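Shown below: work.tsv, with TSV, C-alpha atoms (C1' of nucleotides).
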chain	number	residue	atom	x	y	z
A	280	MET	CA	22.65	-25.09	-22.39
A	281	SER	CA	22.40	-27.45	-19.51
A	282	ARG	CA	19.17	-29.25	-18.81
A	283	ALA	CA	19.20	-27.45	-15.48
A	284	GLU	CA	16.57	-25.12	-16.79
A	285	ALA	CA	14.22	-27.93	-17.64
A	286	VAL	CA	13.62	-28.35	-13.92
A	287	ASP	CA	11.87	-25.00	-13.91
A	288	LEU	CA	9.88	-25.42	-17.02
A	289	PRO	CA	7.26	-28.12	-16.68
A	290	ASP	CA	6.59	-28.93	-20.32
A	291	ASP	CA	5.38	-25.78	-21.85
A	292	GLY	CA	8.11	-23.48	-20.72
A	293	ALA	CA	6.03	-21.72	-18.07
A	294	PRO	CA	7.86	-21.04	-14.83
A	295	ARG	CA	6.41	-22.94	-11.94
A	296	THR	CA	5.47	-21.62	-8.56
A	297	PRO	CA	6.81	-23.69	-5.68
A	298	ASP	CA	4.31	-25.83	-3.87
A	299	ARG	CA	5.08	-24.25	-0.52
A	300	LEU	CA	4.01	-20.95	-1.99
A	301	ARG	CA	1.00	-22.11	-3.96
A	302	ARG	CA	-0.70	-23.47	-0.88
A	303	LEU	CA	0.11	-20.62	1.48
A	304	PRO	CA	-3.18	-19.02	2.51
A	305	SER	CA	-1.62	-15.65	3.27
A	306	ARG	CA	-0.07	-15.60	-0.17
A	307	LEU	CA	-3.24	-16.68	-1.91
A	308	LEU	CA	-5.05	-13.95	-0.08
A	309	SER	CA	-2.67	-11.19	-0.98
A	310	GLN	CA	-2.32	-12.25	-4.60
A	311	LEU	CA	-6.03	-12.52	-5.05
A	312	THR	CA	-6.59	-9.21	-3.33
A	313	THR	CA	-4.13	-7.51	-5.64
A	314	ARG	CA	-6.15	-8.67	-8.62
A	315	SER	CA	-9.45	-7.98	-6.98
A	316	ASP	CA	-8.40	-4.46	-6.08
A	317	ARG	CA	-7.26	-3.78	-9.59
A	318	LEU	CA	-10.49	-5.09	-11.05
A	319	ILE	CA	-12.65	-3.04	-8.72
A	320	THR	CA	-10.58	0.11	-8.92
A	321	GLU	CA	-10.57	0.09	-12.70
A	322	GLY	CA	-14.26	-0.70	-12.89
A	323	LEU	CA	-15.16	2.11	-10.54
A	324	ALA	CA	-12.84	4.51	-12.33
A	325	ARG	CA	-14.90	3.97	-15.47
A	326	ALA	CA	-17.85	5.28	-13.46
A	327	ASP	CA	-15.78	8.21	-12.15
A	328	ALA	CA	-15.68	6.74	-8.66
A	329	ARG	CA	-13.38	5.11	-6.15
A	330	LYS	CA	-14.10	2.53	-3.54
A	331	TRP	CA	-14.05	5.07	-0.80
A	332	HIS	CA	-16.80	6.99	-2.51
A	333	TYR	CA	-18.96	3.92	-2.44
A	334	ALA	CA	-18.22	3.23	1.20
A	335	VAL	CA	-19.17	6.74	2.28
A	336	LEU	CA	-22.29	6.93	0.15
A	337	ALA	CA	-23.45	3.52	1.31
A	338	SER	CA	-22.88	4.49	4.91
A	339	LEU	CA	-24.84	7.70	4.53
A	340	ARG	CA	-27.64	5.89	2.77
A	341	GLU	CA	-27.98	3.20	5.40
A	342	TYR	CA	-27.45	5.16	8.58
A	343	GLY	CA	-28.18	8.71	7.62
A	344	PRO	CA	-26.06	11.84	7.98
A	345	GLY	CA	-23.07	11.85	10.27
A	346	SER	CA	-19.93	13.67	11.23
A	347	GLN	CA	-16.70	12.94	9.43
A	348	ALA	CA	-15.46	11.03	12.45
A	349	THR	CA	-18.58	8.88	12.51
A	350	LEU	CA	-18.23	8.17	8.83
A	351	SER	CA	-14.65	7.28	9.39
A	352	ARG	CA	-15.59	4.70	11.99
A	353	ARG	CA	-18.42	3.29	9.94
A	354	THR	CA	-16.35	2.82	6.82
A	355	GLY	CA	-12.92	2.10	8.21
A	356	ILE	CA	-11.44	5.01	6.29
A	357	TYR	CA	-8.93	6.92	8.34
A	358	ARG	CA	-10.16	10.30	9.39
A	359	SER	CA	-7.07	11.86	7.87
A	360	ASP	CA	-8.01	10.40	4.51
A	361	MET	CA	-11.68	11.17	4.88
A	362	VAL	CA	-11.05	14.83	4.17
A	363	SER	CA	-10.04	14.35	0.57
A	364	VAL	CA	-12.68	11.69	-0.05
A	365	LEU	CA	-15.34	14.13	1.06
A	366	ASN	CA	-13.79	16.84	-1.05
A	367	GLU	CA	-14.14	14.63	-4.09
A	368	LEU	CA	-17.71	13.75	-3.24
A	369	ALA	CA	-18.62	17.35	-2.56
A	370	GLU	CA	-17.03	18.48	-5.83
A	371	ARG	CA	-19.39	16.12	-7.62
A	372	ASP	CA	-22.37	17.31	-5.56
A	373	LEU	CA	-22.91	13.85	-4.17
A	374	VAL	CA	-22.78	14.95	-0.54
A	375	GLU	CA	-23.16	18.16	1.38
A	376	ARG	CA	-20.87	19.28	4.15
A	377	SER	CA	-22.40	21.64	6.66
A	378	PRO	CA	-21.35	22.76	10.11
A	379	ASP	CA	-23.15	21.03	12.97
A	380	PRO	CA	-24.88	23.72	15.04
A	381	ASP	CA	-25.00	21.48	18.10
A	382	ASP	CA	-21.29	20.77	18.11
A	383	ARG	CA	-19.15	23.27	16.42
A	384	ARG	CA	-16.21	20.90	16.06
A	385	ARG	CA	-18.25	18.83	13.65
A	386	ASN	CA	-19.32	18.85	10.05
A	387	THR	CA	-22.53	17.08	9.23
A	388	ILE	CA	-22.32	15.15	6.01
A	389	THR	CA	-25.52	14.53	4.08
A	390	ILE	CA	-26.07	12.55	0.91
A	391	SER	CA	-27.71	14.45	-1.95
A	392	PRO	CA	-30.36	13.18	-4.38
A	393	ARG	CA	-27.64	13.04	-6.94
A	394	GLY	CA	-25.56	11.03	-4.50
A	395	ARG	CA	-28.39	8.56	-4.09
A	396	ARG	CA	-28.62	8.13	-7.83
A	397	HIS	CA	-24.89	7.68	-8.11
A	398	LEU	CA	-24.97	5.08	-5.36
A	399	ARG	CA	-27.57	3.07	-7.25
A	400	ARG	CA	-25.38	3.17	-10.31
A	401	LEU	CA	-22.39	2.02	-8.30
A	402	ASP	CA	-24.38	-0.81	-6.78
A	403	LYS	CA	-24.92	-2.13	-10.26
A	404	VAL	CA	-21.32	-1.59	-11.30
A	405	LEU	CA	-20.03	-3.42	-8.24
A	406	ASP	CA	-22.48	-6.21	-8.77
A	407	ASP	CA	-21.15	-6.81	-12.23
A	408	LEU	CA	-17.56	-6.55	-11.10
A	409	HIS	CA	-18.12	-9.10	-8.37
A	410	ASP	CA	-19.68	-11.39	-10.89
A	411	GLU	CA	-16.43	-11.20	-12.74
A	412	LEU	CA	-14.40	-11.60	-9.58
A	413	LEU	CA	-16.29	-14.69	-8.45
A	414	ALA	CA	-16.91	-16.09	-11.91
A	415	PRO	CA	-15.51	-19.56	-11.21
A	416	LEU	CA	-17.76	-20.11	-8.18
A	417	ASP	CA	-21.38	-21.18	-8.18
A	418	PRO	CA	-23.84	-19.37	-5.92
A	419	ALA	CA	-23.45	-21.80	-3.03
A	420	GLU	CA	-19.69	-21.51	-3.17
A	421	ARG	CA	-19.89	-17.75	-3.25
A	422	GLY	CA	-21.91	-17.92	-0.08
A	423	GLN	CA	-19.35	-20.20	1.53
A	424	PHE	CA	-16.56	-17.92	0.49
A	425	VAL	CA	-18.19	-14.82	1.92
A	426	GLY	CA	-19.01	-16.75	5.07
A	427	LEU	CA	-15.46	-17.89	5.62
A	428	LEU	CA	-14.03	-14.46	4.93
A	429	THR	CA	-16.50	-12.87	7.31
A	430	ARG	CA	-15.67	-15.24	10.11
A	431	LEU	CA	-11.96	-14.74	9.69
A	432	LEU	CA	-12.25	-10.98	9.52
A	433	ASP	CA	-14.56	-10.86	12.53
A	434	HIS	CA	-12.14	-12.94	14.50
A	435	HIS	CA	-9.24	-10.67	13.72
A	436	THR	CA	-11.10	-7.46	14.33
A	437	ARG	CA	-12.36	-8.60	17.71
A	438	ILE	CA	-8.84	-9.58	18.65
A	439	SER	CA	-7.12	-6.39	17.66
B	932	MET	CA	-27.83	14.92	20.49
B	933	SER	CA	-30.98	14.51	18.48
B	934	ARG	CA	-31.92	10.86	18.27
B	935	ALA	CA	-30.40	10.95	14.82
B	936	GLU	CA	-27.22	9.55	16.27
B	937	ALA	CA	-28.96	6.58	17.74
B	938	VAL	CA	-29.31	5.27	14.22
B	939	ASP	CA	-25.58	4.82	14.10
B	940	LEU	CA	-25.10	3.28	17.43
B	941	PRO	CA	-26.75	-0.10	17.67
B	942	ASP	CA	-27.02	-0.53	21.41
B	943	ASP	CA	-23.56	-0.36	22.75
B	944	GLY	CA	-22.41	2.75	21.00
B	945	ALA	CA	-20.25	0.91	18.48
B	946	PRO	CA	-20.36	2.38	15.00
B	947	ARG	CA	-21.89	-0.01	12.52
B	948	THR	CA	-20.60	-0.96	9.13
B	949	PRO	CA	-23.20	-0.69	6.41
B	950	ASP	CA	-24.60	-3.94	5.13
B	951	ARG	CA	-23.61	-3.18	1.59
B	952	LEU	CA	-20.03	-3.00	2.77
B	953	ARG	CA	-20.03	-5.90	5.15
B	954	ARG	CA	-21.05	-8.35	2.45
B	955	LEU	CA	-18.83	-7.04	-0.30
B	956	PRO	CA	-16.37	-9.81	-1.19
B	957	SER	CA	-13.75	-7.43	-2.54
B	958	ARG	CA	-13.86	-5.47	0.69
B	959	LEU	CA	-13.71	-8.56	2.88
B	960	LEU	CA	-10.74	-9.71	0.89
B	961	SER	CA	-8.79	-6.53	1.18
B	962	GLN	CA	-9.54	-6.01	4.86
B	963	LEU	CA	-8.59	-9.54	5.71
B	964	THR	CA	-5.46	-9.31	3.61
B	965	THR	CA	-4.40	-6.18	5.43
B	966	ARG	CA	-4.57	-8.02	8.72
B	967	SER	CA	-3.04	-11.17	7.33
B	968	ASP	CA	-0.13	-9.24	5.86
B	969	ARG	CA	0.49	-7.50	9.11
B	970	LEU	CA	0.41	-10.75	11.04
B	971	ILE	CA	2.80	-12.50	8.66
B	972	THR	CA	5.15	-9.58	8.25
B	973	GLU	CA	5.50	-9.09	11.98
B	974	GLY	CA	5.90	-12.79	12.60
B	975	LEU	CA	8.62	-13.13	10.00
B	976	ALA	CA	10.35	-9.99	11.23
B	977	ARG	CA	10.79	-11.70	14.59
B	978	ALA	CA	12.73	-14.37	12.70
B	979	ASP	CA	14.75	-11.71	10.84
B	980	ALA	CA	12.97	-12.50	7.60
B	981	ARG	CA	10.50	-11.09	5.13
B	982	LYS	CA	8.01	-12.87	2.97
B	983	TRP	CA	10.14	-12.52	-0.13
B	984	HIS	CA	12.96	-14.26	1.59
B	985	TYR	CA	10.73	-17.22	2.09
B	986	ALA	CA	9.48	-17.15	-1.48
B	987	VAL	CA	12.97	-17.14	-2.92
B	988	LEU	CA	14.35	-19.77	-0.57
B	989	ALA	CA	11.36	-22.03	-1.17
B	990	SER	CA	11.74	-21.63	-4.90
B	991	LEU	CA	15.43	-22.48	-4.79
B	992	ARG	CA	14.78	-25.47	-2.57
B	993	GLU	CA	12.08	-26.89	-4.79
B	994	TYR	CA	13.44	-26.19	-8.24
B	995	GLY	CA	17.11	-25.69	-7.71
B	996	PRO	CA	19.39	-22.80	-8.66
B	997	GLY	CA	18.24	-20.22	-11.17
B	998	SER	CA	18.90	-16.81	-12.59
B	999	GLN	CA	17.36	-13.76	-10.98
B	1000	ALA	CA	14.89	-13.53	-13.82
B	1001	THR	CA	13.83	-17.14	-13.35
B	1002	LEU	CA	13.41	-16.60	-9.64
B	1003	SER	CA	11.40	-13.54	-10.37
B	1004	ARG	CA	9.01	-15.50	-12.53
B	1005	ARG	CA	8.75	-18.37	-10.09
B	1006	THR	CA	7.97	-16.19	-7.12
B	1007	GLY	CA	6.08	-13.31	-8.68
B	1008	ILE	CA	8.54	-10.82	-7.25
B	1009	TYR	CA	9.37	-8.12	-9.75
B	1010	ARG	CA	12.85	-8.38	-11.11
B	1011	SER	CA	13.49	-4.80	-10.06
B	1012	ASP	CA	12.73	-5.74	-6.47
B	1013	MET	CA	14.55	-9.03	-6.65
B	1014	VAL	CA	17.89	-7.25	-6.51
B	1015	SER	CA	17.50	-6.02	-2.98
B	1016	VAL	CA	15.87	-9.23	-1.79
B	1017	LEU	CA	18.89	-11.16	-2.99
B	1018	ASN	CA	21.19	-8.62	-1.41
B	1019	GLU	CA	19.51	-9.26	1.91
B	1020	LEU	CA	19.69	-13.00	1.48
B	1021	ALA	CA	23.32	-12.87	0.41
B	1022	GLU	CA	24.23	-10.65	3.35
B	1023	ARG	CA	22.91	-13.36	5.63
B	1024	ASP	CA	24.75	-16.08	3.68
B	1025	LEU	CA	21.51	-17.79	2.82
B	1026	VAL	CA	22.14	-17.77	-0.91
B	1027	GLU	CA	25.10	-17.39	-3.20
B	1028	ARG	CA	25.17	-15.21	-6.26
B	1029	SER	CA	27.63	-16.25	-8.93
B	1030	PRO	CA	28.02	-15.28	-12.55
B	1031	ASP	CA	26.71	-17.81	-15.05
B	1032	PRO	CA	29.58	-18.86	-17.30
B	1033	ASP	CA	27.18	-19.95	-20.07
B	1034	ASP	CA	25.39	-16.62	-20.24
B	1035	ARG	CA	27.25	-13.65	-19.01
B	1036	ARG	CA	24.13	-11.57	-18.55
B	1037	ARG	CA	23.02	-13.90	-15.79
B	1038	ASN	CA	23.72	-14.53	-12.15
B	1039	THR	CA	23.11	-18.01	-10.89
B	1040	ILE	CA	21.54	-18.04	-7.46
B	1041	THR	CA	22.13	-21.03	-5.21
B	1042	ILE	CA	20.75	-21.79	-1.78
B	1043	SER	CA	23.34	-22.43	0.94
B	1044	PRO	CA	23.18	-25.02	3.71
B	1045	ARG	CA	22.47	-22.17	6.04
B	1046	GLY	CA	19.68	-21.09	3.73
B	1047	ARG	CA	18.19	-24.56	3.90
B	1048	ARG	CA	18.26	-24.47	7.68
B	1049	HIS	CA	16.69	-21.02	7.68
B	1050	LEU	CA	13.98	-22.21	5.32
B	1051	ARG	CA	13.08	-25.03	7.69
B	1052	ARG	CA	12.79	-22.55	10.52
B	1053	LEU	CA	10.59	-20.30	8.43
B	1054	ASP	CA	8.37	-23.22	7.49
B	1055	LYS	CA	7.64	-23.66	11.14
B	1056	VAL	CA	7.15	-19.97	11.79
B	1057	LEU	CA	4.69	-19.67	8.91
B	1058	ASP	CA	2.87	-22.75	10.02
B	1059	ASP	CA	2.26	-21.22	13.41
B	1060	LEU	CA	1.27	-17.89	11.94
B	1061	HIS	CA	-1.25	-19.52	9.65
B	1062	ASP	CA	-2.67	-21.35	12.59
B	1063	GLU	CA	-3.31	-17.97	14.09
B	1064	LEU	CA	-4.64	-16.58	10.84
B	1065	LEU	CA	-7.09	-19.43	10.33
B	1066	ALA	CA	-7.86	-19.98	14.00
B	1067	PRO	CA	-11.66	-19.76	13.64
B	1068	LEU	CA	-11.77	-22.46	10.95
B	1069	ASP	CA	-11.65	-26.20	11.47
B	1070	PRO	CA	-9.40	-28.30	9.22
B	1071	ALA	CA	-12.12	-29.05	6.67
B	1072	GLU	CA	-12.99	-25.38	6.41
B	1073	ARG	CA	-9.36	-24.45	6.00
B	1074	GLY	CA	-9.23	-26.83	3.07
B	1075	GLN	CA	-12.34	-25.31	1.57
B	1076	PHE	CA	-10.95	-21.85	2.00
B	1077	VAL	CA	-7.66	-22.65	0.32
B	1078	GLY	CA	-9.54	-24.44	-2.45
B	1079	LEU	CA	-11.78	-21.48	-3.17
B	1080	LEU	CA	-8.90	-19.03	-3.09
B	1081	THR	CA	-6.88	-21.20	-5.42
B	1082	ARG	CA	-9.66	-21.52	-7.94
B	1083	LEU	CA	-10.27	-17.79	-7.96
B	1084	LEU	CA	-6.63	-16.93	-8.27
B	1085	ASP	CA	-6.08	-19.48	-11.02
B	1086	HIS	CA	-8.99	-18.09	-12.92
B	1087	HIS	CA	-7.68	-14.56	-12.75
B	1088	THR	CA	-4.12	-15.46	-13.60
B	1089	ARG	CA	-5.17	-17.45	-16.67
B	1090	ILE	CA	-7.28	-14.54	-17.80
B	1091	SER	CA	-4.70	-11.81	-17.45
C	943	DG	C1'	25.43	-7.83	-39.43
C	944	DT	C1'	21.72	-5.79	-37.94
C	945	DA	C1'	17.53	-5.91	-35.44
C	946	DC	C1'	15.42	-7.59	-31.50
C	947	DA	C1'	14.94	-9.78	-26.88
C	948	DT	C1'	16.66	-10.69	-22.30
C	949	DC	C1'	19.53	-9.85	-18.15
C	950	DG	C1'	20.60	-7.27	-13.88
C	951	DT	C1'	20.23	-2.83	-12.05
C	952	DT	C1'	18.86	1.97	-10.63
C	953	DA	C1'	15.49	5.22	-10.12
C	954	DG	C1'	11.12	6.62	-9.57
C	955	DT	C1'	5.63	6.54	-9.46
C	956	DG	C1'	1.14	5.99	-7.38
C	957	DG	C1'	-1.76	4.24	-4.02
C	958	DG	C1'	-3.03	2.57	0.48
C	959	DA	C1'	-2.54	2.22	5.50
C	960	DC	C1'	-1.20	4.64	9.07
C	961	DT	C1'	1.14	8.38	12.53
C	962	DA	C1'	2.04	13.04	14.43
C	963	DA	C1'	0.79	17.18	15.52
C	964	DC	C1'	-2.07	21.26	15.08
C	965	DG	C1'	-5.89	24.45	16.87
C	966	DC	C1'	-10.29	24.36	18.26
C	967	DA	C1'	-14.48	22.90	20.77
C	968	DA	C1'	-16.87	20.11	24.19
C	969	DT	C1'	-17.03	17.44	28.44
C	970	DC	C1'	-15.67	15.80	33.01
C	971	DG	C1'	-13.74	15.76	37.75
C	972	DG	C1'	-12.93	18.31	41.45
D	1342	DC	C1'	-16.37	27.31	37.66
D	1343	DC	C1'	-11.85	25.88	36.04
D	1344	DG	C1'	-8.28	23.01	34.43
D	1345	DA	C1'	-7.41	18.68	32.34
D	1346	DT	C1'	-8.77	15.52	29.16
D	1347	DT	C1'	-10.99	13.94	25.09
D	1348	DG	C1'	-12.85	14.37	20.44
D	1349	DC	C1'	-13.00	17.00	16.05
D	1350	DG	C1'	-11.22	18.29	11.29
D	1351	DT	C1'	-7.11	19.13	8.95
D	1352	DT	C1'	-2.27	19.11	7.17
D	1353	DA	C1'	1.80	16.91	6.56
D	1354	DG	C1'	4.46	13.20	6.14
D	1355	DT	C1'	5.99	8.01	6.73
D	1356	DC	C1'	6.32	3.31	5.09
D	1357	DC	C1'	5.37	-0.41	2.22
D	1358	DC	C1'	4.06	-2.50	-2.05
D	1359	DA	C1'	3.10	-3.37	-6.94
D	1360	DC	C1'	4.65	-1.64	-10.85
D	1361	DT	C1'	7.07	1.26	-14.85
D	1362	DA	C1'	11.03	3.31	-17.38
D	1363	DA	C1'	15.26	3.28	-18.88
D	1364	DC	C1'	20.12	1.80	-18.86
D	1365	DG	C1'	24.20	-0.73	-20.65
D	1366	DA	C1'	25.60	-5.27	-21.50
D	1367	DT	C1'	24.86	-9.53	-23.62
D	1368	DG	C1'	22.69	-13.06	-26.22
D	1369	DT	C1'	19.58	-14.81	-30.34
D	1370	DA	C1'	17.27	-14.74	-34.88
D	1371	DC	C1'	16.96	-13.45	-39.51
Would you mind writing the file out in structure tokens?
Amino acid sequence: MSRAEAVDLPDDGAPRTPDRLRRLPSRLLSQLTTRSDRLITEGLARADARKWHYAVLASLREYGPGSQATLSRRTGIYRSDMVSVLNELAERDLVERSPDPDDRRRNTITISPRGRRHLRRLDKVLDDLHDELLAPLDPAERGQFVGLLTRLLDHHTRIS
Amino acid sequence: MSRAEAVDLPDDGAPRTPDRLRRLPSRLLSQLTTRSDRLITEGLARADARKWHYAVLASLREYGPGSQATLSRRTGIYRSDMVSVLNELAERDLVERSPDPDDRRRNTITISPRGRRHLRRLDKVLDDLHDELLAPLDPAERGQFVGLLTRLLDHHTRIS
DNA sequence: GTACATCGTTAGTGGGACTAACGCAATCGG
DNA sequence: CCGATTGCGTTAGTCCCACTAACGATGTAC
């Protein structure tokens, strides 16, 4: 057929991504995030966990017990989604949900010893997964990367 | 009301994100991408466009006409989703879909003059949006950021 | 010629972010 | 003290996105 196709196929027959697209930060971000999410989700699944579990457990560990609404604000998980996350954690005896006597609208969520152990395990799992995620970067570059991301995210959360 | 709550509320009453979470690259990535996607999607919507429109138009502009499958590979859009993207583009007379005489399974997609004009407009729109996205970074840092993202993405696309 | 691969297309899945509305409990302004 | 407002947990449902399954039609390889 016509050589028209050759335009697409550099040398090896691989289709080429347009330059405009390859350099687009928003696109790089979303493509990388897709892969990162997959990596993390699959890794955590192997430990019978999901990222939300980690977020809640970490929040409980660092700031102590809290209501579902508090947890929601600390982790960024929507309070409507928090319900099922806590169900999953409670099923596994990683947290305890008990009514708050001081405010009867609230549940107080507490991490259990088992939850603490699980959290330690997840810390390790996530550490390894991030090693895989950031494999091409040396330690200094990883620091840079986190720094840049943090500044950007801070900027856009203050704004909103 | 016990001072237990004070642990959560730094000084100003704002809920605090756990350290473990704040430093987690995968989390920074996905949070930032959420905001970035929203910014870009809304910005493009104001120009009656979506990101896939841009991807397809850019691909056609840089590598010339191609089949839907080729476009799919060049842009990363799934071929199942490509159908409706091309419908939208064709509706707006930005591309033309014509049967390929050499291979009757294929459609050949061509960008129209109008499509070229639209692409130029979108280039500008995206440029402005990325200025907003990367506002906190100076030019050198923007370069660093794109460089790091590119290396990470390349790594993970080679692997897969 | 027969097996296999590719093309465009339709339909549908699963997950994540987010909204709406609910009943109930607490707090605030008058 | 009372009525309005605000915050709580919960259910249901929306929208968008990456992705899969299967299809009939066509092309390619053995």
Next on the checklist: Show me, as an MDAnalysis selection string, the residues of chain C whose atoms get within 10 Å of chain A, using all atoms listed in the file for the distance check.
Outcome noted: chainID C and resid 959:960 966:968
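Those residues of chain A that fall within 12 Å of chain D when using only C-alpha atoms (C1' of nucleotides) read Ser309, Gln310, Thr312, Thr313, Arg314, Asp316, Arg317, Ser346, Gln347, Ala348, Thr349, Ser351, Tyr357, Arg358, Ser359, Asp360, Met361, Val362, Ser363, Leu365, Pro378, Asp379, Asp382, Arg383, Arg384, Arg385, Asn386 and Thr387 of chain A.
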Next on the checklist: Taking all atoms listed in the file into account, find every residue of chain B that has an atom no more than 8 Å from chain A, and write it out as a ChimeraX atom specification.
Outcome noted: /B:932,935-936,938-939,946-952,954,956-957,959-964,966-968,971,986,989-990,993-995,997,1001,1004-1006,1033,1061,1064-1068,1072,1076-1077,1079-1084,1086-1087
Checklist entry - What does the distance from CA of Ile390 (chain A) to C1' of DG958 (chain C) come to in Å, to one decimal? => result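 Interatomic distance, CA of Ile390 (chain A) to C1' of DG958 (chain C): 25.1 Å.
Going from CA of Arg376 (chain A) to CA of Thr389 (chain A) covers 6.6 Å.
Going from CA of Thr320 (chain A) over to CA of Glu370 (chain A), you cover 19.7 Å.
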Next on the checklist: Within 9 Å of (-22.0, 14.7, -1.7) (file coordinates; all atoms listed in the file), which protein or nucleic acid residues are there? I'd like them as a list in words.
Outcome noted: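 Returned residue set, sorted by chain then number, is Leu336, Leu365, Asn366, Glu367, Leu368, Ala369, Glu370, Arg371, Asp372, Leu373, Val374, Glu375, Arg376, Ile388, Thr389, Ile390, Ser391, Pro392, Arg393 and Gly394 of chain A.
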Centre, x/y/z edge lengths, axis-aligned box for region 944-951 of chain C with 3 Å per side, as lines of an AutoDock Vina configuration file:
center_x = 18.3
center_y = -6.8
center_z = -25.0
size_x = 12.8
size_y = 13.9
size_z = 31.9
Checklist outcome for this item: Between B:Ser1029, B:Ala978, B:Trp983, B:Arg1089, smallest distance to Lys1055 (chain B) by all atoms listed in the file belongs to B:Ala978
Where atoms are missing, can you supply N, CA and C atoms for region 982-993 of chain B and output the lot as a short mmCIF file (atom, residue, chain, number, x, y, z; two decimals), keeping the file's coordinate frame?
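Saved result, out32.cif, follows:
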data_model
loop_
_atom_site.label_atom_id
_atom_site.label_comp_id
_atom_site.auth_asym_id
_atom_site.auth_seq_id
_atom_site.Cartn_x
_atom_site.Cartn_y
_atom_site.Cartn_z
N LYS B 982 8.66 -11.84 3.75
CA LYS B 982 8.01 -12.87 2.97
C LYS B 982 8.75 -13.22 1.69
N TRP B 983 9.42 -12.24 1.10
CA TRP B 983 10.14 -12.52 -0.13
C TRP B 983 11.30 -13.45 0.10
N HIS B 984 11.89 -13.33 1.27
CA HIS B 984 12.96 -14.26 1.59
C HIS B 984 12.44 -15.69 1.49
N TYR B 985 11.31 -15.88 2.11
CA TYR B 985 10.73 -17.22 2.09
C TYR B 985 10.43 -17.67 0.67
N ALA B 986 9.85 -16.79 -0.10
CA ALA B 986 9.48 -17.15 -1.48
C ALA B 986 10.71 -17.58 -2.27
N VAL B 987 11.77 -16.82 -2.15
CA VAL B 987 12.97 -17.14 -2.92
C VAL B 987 13.61 -18.43 -2.42
N LEU B 988 13.73 -18.56 -1.11
CA LEU B 988 14.35 -19.77 -0.57
C LEU B 988 13.54 -21.01 -0.95
N ALA B 989 12.21 -20.89 -0.84
CA ALA B 989 11.36 -22.03 -1.17
C ALA B 989 11.52 -22.40 -2.64
N SER B 990 11.59 -21.39 -3.48
CA SER B 990 11.74 -21.63 -4.90
C SER B 990 13.08 -22.32 -5.22
N LEU B 991 14.13 -21.87 -4.56
CA LEU B 991 15.43 -22.48 -4.79
C LEU B 991 15.45 -23.92 -4.30
N ARG B 992 14.82 -24.13 -3.17
CA ARG B 992 14.78 -25.47 -2.57
C ARG B 992 14.02 -26.44 -3.47
N GLU B 993 12.92 -25.97 -4.04
CA GLU B 993 12.08 -26.89 -4.79
C GLU B 993 12.51 -27.09 -6.24
#
